[in-house]
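**Student:** upload_31.pdb (PDB, C-alpha atoms) pasted underneath:
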ATOM      1  CA  MET A  59      91.735 155.697 186.540
ATOM      2  CA  LYS A  60      95.313 154.675 187.278
ATOM      3  CA  VAL A  61      96.263 154.701 190.954
ATOM      4  CA  LEU A  62      99.566 153.909 192.596
ATOM      5  CA  ILE A  63      99.708 152.859 196.235
ATOM      6  CA  ALA A  64     102.901 152.751 198.263
ATOM      7  CA  THR A  65     102.747 149.096 199.327
ATOM      8  CA  LYS A  66     102.663 145.524 198.115
ATOM      9  CA  ASN A  67     100.436 144.493 201.056
ATOM     10  CA  THR A  68      97.385 142.876 199.483
ATOM     11  CA  ALA A  69      95.032 143.975 202.274
ATOM     12  CA  LYS A  70      96.008 147.622 201.892
ATOM     13  CA  ILE A  71      95.682 147.435 198.116
ATOM     14  CA  GLU A  72      92.237 145.844 198.423
ATOM     15  CA  GLY A  73      91.101 148.414 201.005
ATOM     16  CA  ALA A  74      92.169 151.241 198.710
ATOM     17  CA  ARG A  75      90.480 149.616 195.715
ATOM     18  CA  ARG A  76      87.240 149.242 197.675
ATOM     19  CA  ALA A  77      87.319 152.874 198.803
ATOM     20  CA  LEU A  78      87.970 154.167 195.296
ATOM     21  CA  SER A  79      85.273 151.942 193.779
ATOM     22  CA  HIS A  80      82.602 153.794 195.771
ATOM     23  CA  TYR A  81      83.293 156.919 193.689
ATOM     24  CA  PHE A  82      85.163 155.979 190.512
ATOM     25  CA  SER A  83      84.890 153.332 187.817
ATOM     26  CA  ASP A  84      87.542 151.542 185.773
ATOM     27  CA  ILE A  85      90.112 151.674 188.551
ATOM     28  CA  GLU A  86      93.546 150.123 188.217
ATOM     29  CA  VAL A  87      95.493 150.014 191.489
ATOM     30  CA  GLU A  88      99.177 149.125 191.362
ATOM     31  CA  GLY A  89     101.216 148.558 194.489
ATOM     32  CA  ILE A  90     104.811 149.753 194.633
ATOM     33  CA  PRO A  91     106.701 149.484 197.922
ATOM     34  CA  VAL A  92     108.626 152.601 198.969
ATOM     35  CA  GLU A  93     110.150 153.775 202.223
ATOM     36  CA  SER A  94     108.291 155.744 204.892
ATOM     37  CA  ASN A  95     111.456 157.333 206.316
ATOM     38  CA  VAL A  96     110.076 156.931 209.850
ATOM     39  CA  GLU A  97     110.598 154.261 212.521
ATOM     40  CA  GLU A  98     109.197 150.771 211.918
ATOM     41  CA  GLN A  99     106.513 151.547 214.515
ATOM     42  CA  PRO A 100     105.405 155.143 213.938
ATOM     43  CA  VAL A 101     104.311 157.084 217.006
ATOM     44  CA  ASN A 102     101.989 160.107 217.042
ATOM     45  CA  ASN A 103     102.802 162.576 214.215
ATOM     46  CA  ASP A 104     105.119 160.099 212.530
ATOM     47  CA  ILE A 105     102.058 158.126 211.449
ATOM     48  CA  TYR A 106     101.033 161.005 209.160
ATOM     49  CA  ASN A 107     104.677 161.776 208.299
ATOM     50  CA  GLY A 108     105.264 158.171 207.234
ATOM     51  CA  ALA A 109     102.235 158.143 204.934
ATOM     52  CA  LYS A 110     103.160 161.552 203.497
ATOM     53  CA  ASN A 111     106.757 160.430 202.925
ATOM     54  CA  ARG A 112     105.554 157.275 201.181
ATOM     55  CA  VAL A 113     103.437 159.366 198.798
ATOM     56  CA  SER A 114     106.406 161.646 198.071
ATOM     57  CA  ASN A 115     108.703 158.663 197.497
ATOM     58  CA  LEU A 116     106.071 156.989 195.330
ATOM     59  CA  LYS A 117     105.702 160.069 193.142
ATOM     60  CA  LYS A 118     109.474 160.276 192.798
ATOM     61  CA  TYR A 119     109.644 156.583 191.852
ATOM     62  CA  ALA A 120     106.846 157.008 189.294
ATOM     63  CA  LYS A 121     108.582 159.992 187.709
ATOM     64  CA  GLU A 122     111.962 158.229 187.556
ATOM     65  CA  ASN A 123     110.342 155.158 185.957
ATOM     66  CA  SER A 124     107.967 157.023 183.603
ATOM     67  CA  ILE A 125     104.848 155.627 185.292
ATOM     68  CA  ASN A 126     101.748 157.769 184.873
ATOM     69  CA  SER A 127      99.104 157.853 187.580
ATOM     70  CA  ASP A 128      96.052 159.914 188.448
ATOM     71  CA  LEU A 129      96.372 159.459 192.202
ATOM     72  CA  TYR A 130      99.135 158.467 194.616
ATOM     73  CA  LEU A 131      98.129 156.747 197.844
ATOM     74  CA  ALA A 132      99.800 155.622 201.049
ATOM     75  CA  ILE A 133      98.636 154.411 204.419
ATOM     76  CA  GLU A 134     100.598 154.132 207.640
ATOM     77  CA  SER A 135      99.540 152.438 210.841
ATOM     78  CA  GLY A 136     100.897 153.518 214.182
ATOM     79  CA  ILE A 137     100.320 154.109 217.855
ATOM     80  CA  ASN A 138      99.218 157.495 219.103
ATOM     81  CA  ASN A 139      98.326 159.107 222.362
ATOM     82  CA  LEU A 140      95.119 160.903 221.569
ATOM     83  CA  PHE A 141      93.046 162.340 224.408
ATOM     84  CA  GLY A 142      95.553 160.885 226.886
ATOM     85  CA  ARG A 143      94.788 157.348 225.701
ATOM     86  CA  TRP A 144      96.967 155.111 223.531
ATOM     87  CA  MET A 145      95.403 153.682 220.398
ATOM     88  CA  ILE A 146      96.293 152.250 217.013
ATOM     89  CA  THR A 147      95.276 154.382 214.036
ATOM     90  CA  ASN A 148      95.780 154.221 210.284
ATOM     91  CA  ILE A 149      96.368 157.459 208.402
ATOM     92  CA  ALA A 150      95.825 157.534 204.641
ATOM     93  CA  VAL A 151      97.299 160.226 202.406
ATOM     94  CA  ILE A 152      96.286 160.879 198.804
ATOM     95  CA  GLU A 153      97.865 163.282 196.314
ATOM     96  CA  ASP A 154      97.106 164.004 192.698
ATOM     97  CA  ASN A 155      99.309 165.444 189.971
ATOM     98  CA  ASN A 156      98.336 169.006 190.953
ATOM     99  CA  GLU A 157      99.741 168.541 194.478
ATOM    100  CA  LEU A 158      96.240 168.449 196.024
ATOM    101  CA  GLU A 159      96.675 166.437 199.197
ATOM    102  CA  SER A 160      94.018 164.944 201.394
ATOM    103  CA  TYR A 161      94.224 162.628 204.358
ATOM    104  CA  GLY A 162      91.947 160.562 206.516
ATOM    105  CA  THR A 163      92.037 158.216 209.440
ATOM    106  CA  SER A 164      90.559 154.855 210.157
ATOM    107  CA  PRO A 165      88.627 154.026 213.277
ATOM    108  CA  SER A 166      91.127 153.548 216.096
ATOM    109  CA  PHE A 167      91.322 150.838 218.709
ATOM    110  CA  PRO A 168      92.661 151.080 222.254
ATOM    111  CA  VAL A 169      96.000 149.699 223.416
ATOM    112  CA  PRO A 170      96.205 148.508 227.028
ATOM    113  CA  ASP A 171      98.869 150.453 228.943
ATOM    114  CA  LYS A 172     100.831 147.260 229.677
ATOM    115  CA  PHE A 173     101.591 146.834 225.921
ATOM    116  CA  VAL A 174     102.398 150.448 224.956
ATOM    117  CA  ASP A 175     106.145 150.398 225.644
ATOM    118  CA  ASP A 176     106.613 147.052 223.874
ATOM    119  CA  ILE A 177     104.680 148.253 220.815
ATOM    120  CA  ILE A 178     106.685 151.478 220.640
ATOM    121  CA  SER A 179     110.033 149.696 221.050
ATOM    122  CA  THR A 180     109.231 146.931 218.519
ATOM    123  CA  ASP A 181     105.928 147.076 216.637
ATOM    124  CA  LEU A 182     102.325 145.978 216.966
ATOM    125  CA  ASN A 183     102.818 142.764 214.970
ATOM    126  CA  LYS A 184     105.607 141.540 217.246
ATOM    127  CA  VAL A 185     103.476 142.169 220.324
ATOM    128  CA  MET A 186     100.491 140.450 218.706
ATOM    129  CA  ASP A 187     102.732 137.469 217.898
ATOM    130  CA  GLN A 188     103.657 137.251 221.596
ATOM    131  CA  ILE A 189     100.038 137.445 222.752
ATOM    132  CA  PHE A 190      98.512 135.318 220.007
ATOM    133  CA  GLU A 191     100.021 132.641 217.821
ATOM    134  CA  LYS A 192     102.202 133.979 214.997
ATOM    135  CA  ASP A 193     100.142 134.103 211.819
ATOM    136  CA  GLU A 194     101.412 135.313 208.441
ATOM    137  CA  GLU A 195      97.822 135.506 207.144
ATOM    138  CA  ARG A 196      97.026 138.024 209.892
ATOM    139  CA  HIS A 197     100.079 140.069 208.989
ATOM    140  CA  ASN A 198      99.103 140.190 205.328
ATOM    141  CA  LYS A 199      95.307 140.385 205.365
ATOM    142  CA  GLY A 200      93.331 140.583 208.585
ATOM    143  CA  GLY A 201      95.704 142.498 210.808
ATOM    144  CA  ALA A 202      95.619 142.688 214.579
ATOM    145  CA  ILE A 203      92.139 144.138 214.432
ATOM    146  CA  GLN A 204      90.719 140.904 212.999
ATOM    147  CA  LEU A 205      91.831 139.013 216.103
ATOM    148  CA  LEU A 206      90.801 141.763 218.510
ATOM    149  CA  THR A 207      87.294 142.080 217.004
ATOM    150  CA  HIS A 208      86.825 138.312 216.688
ATOM    151  CA  ASN A 209      86.681 138.511 212.880
ATOM    152  CA  GLU A 210      84.247 141.440 212.661
ATOM    153  CA  VAL A 211      86.723 144.013 211.286
ATOM    154  CA  THR A 212      89.832 143.450 209.177
ATOM    155  CA  ARG A 213      92.809 145.491 208.062
ATOM    156  CA  ILE A 214      91.038 145.770 204.695
ATOM    157  CA  ASP A 215      88.067 147.420 206.414
ATOM    158  CA  LEU A 216      90.241 149.906 208.323
ATOM    159  CA  THR A 217      92.176 150.748 205.167
ATOM    160  CA  GLU A 218      88.967 151.252 203.200
ATOM    161  CA  MET A 219      87.564 153.608 205.839
ATOM    162  CA  ALA A 220      90.766 155.671 206.047
ATOM    163  CA  PHE A 221      90.847 156.104 202.268
ATOM    164  CA  ILE A 222      87.141 156.988 202.123
ATOM    165  CA  MET A 223      87.846 159.769 204.646
ATOM    166  CA  ALA A 224      90.843 160.913 202.587
ATOM    167  CA  LEU A 225      88.743 160.969 199.418
ATOM    168  CA  THR A 226      86.350 163.603 200.796
ATOM    169  CA  LYS A 227      88.369 166.431 199.192
ATOM    170  CA  TYR A 228      88.426 164.648 195.841
ATOM    171  CA  ILE A 229      84.710 163.918 195.688
ATOM    172  CA  ASN A 230      83.582 167.358 196.961
ATOM    173  CA  GLU A 231      85.119 170.224 195.007
ATOM    174  CA  ASN A 232      83.643 172.784 197.410
ATOM    175  CA  TRP A 233      85.448 171.071 200.339
ATOM    176  CA  ARG A 234      88.937 171.812 198.994
TER     177      ARG A 234
END
Let me see the structure of the file written as structure tokens.
**Tutor:**
Amino acid sequence: MKVLIATKNTAKIEGARRALSHYFSDIEVEGIPVESNVEEQPVNNDIYNGAKNRVSNLKKYAKENSINSDLYLAIESGINNLFGRWMITNIAVIEDNNELESYGTSPSFPVPDKFVDDIISTDLNKVMDQIFEKDEERHNKGGAIQLLTHNEVTRIDLTEMAFIMALTKYINENWR
């Protein structure tokens, strides 16, 4: 199975590969960076919109470059105010060649009120760099969640869970 994912981030690619490997064999995942067409730090509905836009841009890129794929994936992380509480959530979007779309979310983690405005005006990574020491490894692999959970959960884990949730339509024909 050939899969394109709208990123070059190794943690996101690995999370997607892990999710897919639960249900499919012989998976090839190729990362291609494309634009989300939303702000650097997506807020509320723009988290989904960014992932959806990345899938659309990825499909366009694949068509223009004669790249065949069975599935097109994207994941966007952002801050949302759900239930009157601010939290960070990842939203994964998957589409196939028949325009069947599915989506899923990762577990979310709370954002203290004192950091909300700074995250919205910059992004989570910049705020994490101010609170903790700047760390490129965190940016690329573990994510903020690795620091906040004291190494119990990584960005790979959150990405895997979001894509597993998004795969529910693809692995259950009667759920479409």
**Student:** Apply the PyMOL selection byres ((chain A and resi 96) around 12) to the file shown and report the selected residues as a ChimeraX atom specification.
**Tutor:** /A:92-95,97-112,134-136
**Student:** Could you write out that same residue set with C-alpha atoms as a PDB file, in the frame of the given file?
**Tutor:**
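The resulting file, result21.pdb, is shown below:
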ATOM      1  CA  VAL A  92     108.626 152.601 198.969  1.00  0.00           C
ATOM      2  CA  GLU A  93     110.150 153.775 202.223  1.00  0.00           C
ATOM      3  CA  SER A  94     108.291 155.744 204.892  1.00  0.00           C
ATOM      4  CA  ASN A  95     111.456 157.333 206.316  1.00  0.00           C
ATOM      5  CA  GLU A  97     110.598 154.261 212.521  1.00  0.00           C
ATOM      6  CA  GLU A  98     109.197 150.771 211.918  1.00  0.00           C
ATOM      7  CA  GLN A  99     106.513 151.547 214.515  1.00  0.00           C
ATOM      8  CA  PRO A 100     105.405 155.143 213.938  1.00  0.00           C
ATOM      9  CA  VAL A 101     104.311 157.084 217.006  1.00  0.00           C
ATOM     10  CA  ASN A 102     101.989 160.107 217.042  1.00  0.00           C
ATOM     11  CA  ASN A 103     102.802 162.576 214.215  1.00  0.00           C
ATOM     12  CA  ASP A 104     105.119 160.099 212.530  1.00  0.00           C
ATOM     13  CA  ILE A 105     102.058 158.126 211.449  1.00  0.00           C
ATOM     14  CA  TYR A 106     101.033 161.005 209.160  1.00  0.00           C
ATOM     15  CA  ASN A 107     104.677 161.776 208.299  1.00  0.00           C
ATOM     16  CA  GLY A 108     105.264 158.171 207.234  1.00  0.00           C
ATOM     17  CA  ALA A 109     102.235 158.143 204.934  1.00  0.00           C
ATOM     18  CA  LYS A 110     103.160 161.552 203.497  1.00  0.00           C
ATOM     19  CA  ASN A 111     106.757 160.430 202.925  1.00  0.00           C
ATOM     20  CA  ARG A 112     105.554 157.275 201.181  1.00  0.00           C
ATOM     21  CA  GLU A 134     100.598 154.132 207.640  1.00  0.00           C
ATOM     22  CA  SER A 135      99.540 152.438 210.841  1.00  0.00           C
ATOM     23  CA  GLY A 136     100.897 153.518 214.182  1.00  0.00           C
TER      24      GLY A 136
END
**Student:** Can you list what the PyMOL selection byres ((chain A and resi 129) around 7) grabs from this structure, as a PyMOL selection string?
**Tutor:** chain A and resi 60-62+127-128+130-131+152-154
**Student:** To one decimal in Å, tell me the separation between atom CA of A:Val169 and atom CA of A:Arg143.
**Tutor:**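 Straight-line distance from atom CA of A:Val169 to atom CA of A:Arg143 works out to 8.1 Å.
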**Student:** Counting only C-alpha atoms, figure out which residue out of A:Met59, A:Val87, A:Leu206, A:Ile137 gets nearest to A:Val174.
**Tutor:**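 Checking each of A:Met59, A:Val87, A:Leu206, A:Ile137 against A:Val174, counting only C-alpha atoms, the winner is A:Ile137.
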**Student:** Name all residues at most 6 Å from A:Pro91 (count all atoms listed in the file; drop same-chain ones fewer than 5 positions away) and give them as a PDB file with C-alpha atoms, in the frame of the given file.
**Tutor:**
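Final file, out_28.pdb:
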ATOM      1  CA  ALA A  64     102.901 152.751 198.263  1.00  0.00           C
ATOM      2  CA  THR A  65     102.747 149.096 199.327  1.00  0.00           C
ATOM      3  CA  LYS A  66     102.663 145.524 198.115  1.00  0.00           C
TER       4      LYS A  66
END
**Student:** Could you give me, as a ChimeraX atom specification, the residues within 12 Å of A:His80, counting all atoms listed in the file and dropping anything in the same chain fewer than 3 positions from it?
**Tutor:** /A:73-77,83-85,218-219,221-223,225-226,229
**Student:** Mind giving me the straight-line distance from atom CA of A:Phe173 to atom CA of A:Ile146 in Å, one decimal?
**Tutor:**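 Distance between the two atoms: 11.7 Å.
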**Student:** Carefully work through the PyMOL selection byres ((chain A and resi 184) around 12) for this structure and note down the residues it includes, as a ChimeraX atom specification.
**Tutor:** /A:98-99,173,176-183,185-194,196-197,201-202
**Student:** Emit as AutoDock Vina command-line options the padded axis-aligned box for all listed atoms of stretch 173-192 of chain A, 6 Å per side, with centre and edge lengths in Å to one decimal.
**Tutor:**
--center_x 104.3 --center_y 142.1 --center_z 220.4 --size_x 23.5 --size_y 30.8 --size_z 23.0
**Student:** Quick one: residues within 7 Å of A:Ala220, only C-alpha atoms, excluding same-chain residues fewer than 3 positions away - as a list in words?
**Tutor:**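 Residues near the query, excluding close chain neighbours: Asn148, Ile149, Ala150, Gly162, Thr163, Ser164, Leu216, Thr217, Met223 and Ala224 of chain A.
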**Student:** Figure out the distance between atom CA of A:Lys70 and atom CA of A:Asn155, please, to one decimal in Å.
**Tutor:** 21.7 Å
**Student:** A:Ile125, A:Asp175, A:Asn139, A:Arg234: which is nearest A:Tyr161, counting only C-alpha atoms?
**Tutor:** A:Arg234
**Student:** With distances taken over only C-alpha atoms, which residue among A:Asn209, A:Thr68, A:Ser114, A:Gln204 lies nearest A:Glu159?
**Tutor:**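 Distance minimum relative to A:Glu159 lands on A:Ser114.
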